[in-house]
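Notes follow the structure.
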Amino acid sequence: PPLSAPAEVNCCQTSASNNFERIGIADPFSRSVFSLATTYAPLPAYQAAGNPAERGARLRSAGLISVLTLLALAVEGYHPYAEDGGLYMAGIKRVLNPSLYPHESAFVLEHLRFSLFAPTVAWLVRLTHLDVTTVLLLLHVASIWMTLYAAWRLACLCFVKVEQRVGAVALLAVWLGLPVAGTSLILMDPYMTGRSLSTPCALFALLGVLESVLGTSPARRRGGVVLCCVALLVAGLFHPLMAAYALGSVLVLRCLLVPGRRLRLWEIGRAHV
């Protein structure tokens, strides 16, 4: 039968303690850095792979994320030609029709040199036979869904109760339009760009780092490493600068997860170099 709430919390605390002992974390500072792990636990036994209970939970999670995606789209809106969205749109049209924008074409070609975003969208337009605006809208909705899904996976590592996880992801859904201090950017643009694809990749990279350390089995820890590397690679293909920011975040988080204060300082020094 499903675990009761107190039993589930005790199970999580026991699992966190075992994680600390397994990776050699003893000093209080390191354990405070690992505070998110104090509620980390694997799925209960009744949610084994292929179990109908797990499939039902996954379907409910997917449904919740889909509803929150529509909520985020309703709150933030969709403005495909706002700010540099128009430049990305023009770049895609130039890939589809090289005769467009023959004068001052640097405005629409400059961002194409280091990104596969425009060629990928142009390929999808040719493949689906849809117009550019429709493809960009569908990709925008998909990028929001993937961002919220990555946030849900992170919330599953940080919180025990479903209500806490739902609250965390719901807050992100309604906060996607908030500006980031000192960057002239918002958490997620109300239009489709390469940043829209690099955002969920960055979250998946952080998720991979956590699973590579906190994973309850060697296979899960190896999977975390693969997830982190693939997510950073995909982010770099679509937006190299945002991928560099994500890599910096991954390195800082990984350094903080290193057991032992001296070793942690050494890793931070190597990351800076």
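Letters A, B, ... mark the chains of the structure tokens in the order given; residue numbers begin at 1 per chain; ligand numbers begin at 1, in order shown.
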Point to revise | Non-local contacts of A:Ala244 (10 Å; only C-alpha atoms; under 6 positions in same chain excluded) as JSON, numbers by chain | key: {"A": [202, 232, 235, 236, 250]}
Check your understanding: Could you pull out the helix (DSSP H, G or I) residues of stretch 119-194 of chain A from DSSP and send them as an MDAnalysis selection string?
Key -> chainID A and resid 119:128 132:158 162:175 194
Practice item. Tell me, as an MDAnalysis selection string, which residues lie within 10 Å of stretch 87-94 of chain A, counting only C-alpha atoms; anything in the same chain fewer than 5 positions away does not count. Key: chainID A and resid 80:82 99:102 105:112 117:123 125 132:133 136 191:194
Output N, CA, C and O atoms of each residue in that selection to a file, as a CSV table (one decimal), in the first residue's frame.
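Okay, this is what ended up in again.csv:
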chain,number,residue,atom,x,y,z
A,80,PRO,N,5.4,37.2,-31.2
A,80,PRO,CA,6.5,36.6,-32.1
A,80,PRO,C,7.4,37.7,-32.7
A,80,PRO,O,8.6,37.4,-33.0
A,81,TYR,N,7.0,38.9,-32.8
A,81,TYR,CA,7.8,40.0,-33.4
A,81,TYR,C,8.3,41.0,-32.4
A,81,TYR,O,8.9,42.0,-32.8
A,82,ALA,N,8.2,40.7,-31.1
A,82,ALA,CA,8.7,41.6,-30.1
A,82,ALA,C,10.2,41.5,-30.0
A,82,ALA,O,10.8,40.4,-30.1
A,99,SER,N,16.9,34.9,-51.2
A,99,SER,CA,16.8,36.2,-51.9
A,99,SER,C,16.2,37.3,-51.1
A,99,SER,O,16.2,38.5,-51.5
A,100,LEU,N,15.7,37.0,-49.9
A,100,LEU,CA,15.1,38.0,-49.0
A,100,LEU,C,16.2,38.8,-48.4
A,100,LEU,O,17.3,38.3,-48.2
A,101,TYR,N,15.9,40.1,-48.1
A,101,TYR,CA,16.7,41.0,-47.3
A,101,TYR,C,18.1,41.1,-48.0
A,101,TYR,O,19.2,40.8,-47.4
A,102,PRO,N,18.2,41.5,-49.2
A,102,PRO,CA,19.5,41.6,-49.9
A,102,PRO,C,20.3,42.8,-49.4
A,102,PRO,O,21.5,42.8,-49.6
A,105,SER,N,21.9,42.9,-44.8
A,105,SER,CA,21.5,41.6,-44.4
A,105,SER,C,22.1,41.1,-43.1
A,105,SER,O,21.8,40.1,-42.5
A,106,ALA,N,23.2,41.9,-42.6
A,106,ALA,CA,23.8,41.5,-41.4
A,106,ALA,C,22.9,41.5,-40.2
A,106,ALA,O,23.1,40.8,-39.2
A,107,PHE,N,21.8,42.3,-40.3
A,107,PHE,CA,20.9,42.4,-39.2
A,107,PHE,C,20.2,41.0,-39.0
A,107,PHE,O,19.8,40.7,-37.9
A,108,VAL,N,20.0,40.2,-40.0
A,108,VAL,CA,19.3,39.0,-39.9
A,108,VAL,C,20.3,37.8,-40.0
A,108,VAL,O,19.9,36.6,-39.8
A,109,LEU,N,21.5,38.0,-40.4
A,109,LEU,CA,22.5,36.9,-40.6
A,109,LEU,C,23.4,36.8,-39.4
A,109,LEU,O,24.0,35.7,-39.3
A,110,GLU,N,23.6,37.8,-38.6
A,110,GLU,CA,24.7,37.8,-37.6
A,110,GLU,C,24.5,36.7,-36.6
A,110,GLU,O,25.4,35.9,-36.3
A,111,HIS,N,23.3,36.5,-36.2
A,111,HIS,CA,23.0,35.5,-35.1
A,111,HIS,C,23.0,34.1,-35.7
A,111,HIS,O,22.9,33.1,-34.9
A,112,LEU,N,23.0,33.9,-37.0
A,112,LEU,CA,23.0,32.6,-37.6
A,112,LEU,C,24.4,31.9,-37.6
A,112,LEU,O,24.4,30.7,-37.8
A,117,PHE,N,19.6,27.3,-34.7
A,117,PHE,CA,18.2,27.5,-34.4
A,117,PHE,C,17.5,27.8,-35.7
A,117,PHE,O,16.5,27.1,-36.0
A,118,ALA,N,17.9,28.8,-36.5
A,118,ALA,CA,17.2,29.1,-37.7
A,118,ALA,C,17.2,28.0,-38.8
A,118,ALA,O,16.2,27.6,-39.3
A,119,PRO,N,18.4,27.3,-39.0
A,119,PRO,CA,18.3,26.1,-39.9
A,119,PRO,C,17.4,25.0,-39.4
A,119,PRO,O,16.7,24.4,-40.2
A,120,THR,N,17.4,24.8,-38.1
A,120,THR,CA,16.5,23.7,-37.6
A,120,THR,C,15.0,24.1,-37.8
A,120,THR,O,14.2,23.2,-38.2
A,121,VAL,N,14.7,25.3,-37.5
A,121,VAL,CA,13.3,25.8,-37.7
A,121,VAL,C,12.9,25.7,-39.2
A,121,VAL,O,11.8,25.3,-39.5
A,122,ALA,N,13.8,26.2,-40.0
A,122,ALA,CA,13.6,26.1,-41.5
A,122,ALA,C,13.3,24.7,-41.9
A,122,ALA,O,12.5,24.4,-42.8
A,123,TRP,N,14.1,23.7,-41.4
A,123,TRP,CA,13.9,22.3,-41.7
A,123,TRP,C,12.6,21.8,-41.3
A,123,TRP,O,11.9,21.1,-42.0
A,125,VAL,N,9.9,23.6,-41.0
A,125,VAL,CA,8.9,24.2,-41.8
A,125,VAL,C,8.8,23.4,-43.1
A,125,VAL,O,7.7,23.1,-43.6
A,132,VAL,N,5.9,29.6,-41.1
A,132,VAL,CA,6.9,29.8,-40.1
A,132,VAL,C,6.2,30.2,-38.7
A,132,VAL,O,6.7,29.7,-37.7
A,133,THR,N,5.2,31.1,-38.8
A,133,THR,CA,4.6,31.5,-37.5
A,133,THR,C,4.0,30.4,-36.8
A,133,THR,O,4.1,30.3,-35.5
A,136,LEU,N,6.8,28.3,-35.2
A,136,LEU,CA,7.4,28.9,-34.0
A,136,LEU,C,6.5,28.9,-32.8
A,136,LEU,O,6.9,28.8,-31.7
A,191,TYR,N,8.3,34.9,-27.0
A,191,TYR,CA,8.4,34.6,-28.4
A,191,TYR,C,9.5,33.6,-28.5
A,191,TYR,O,10.2,33.3,-27.5
A,192,MET,N,9.6,33.0,-29.6
A,192,MET,CA,10.5,31.8,-29.8
A,192,MET,C,11.9,32.3,-30.3
A,192,MET,O,12.0,32.9,-31.4
A,193,THR,N,12.9,31.9,-29.5
A,193,THR,CA,14.3,32.2,-29.9
A,193,THR,C,15.2,31.0,-29.5
A,193,THR,O,14.7,30.0,-29.0
A,194,GLY,N,16.5,31.1,-29.8
A,194,GLY,CA,17.4,30.0,-29.4
A,194,GLY,C,17.4,29.9,-27.8
A,194,GLY,O,17.6,28.8,-27.3
Point to revise | Spatial neighbours of A:Ile144, max dist 9 Å, only C-alpha atoms, sep filter under 6 positions, as a list in words | key: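 Within the cut-off, the hits are Thr69, Ala72, Leu73, Ala173, Met188, Ser196, Leu197 and Pro200 of chain A.
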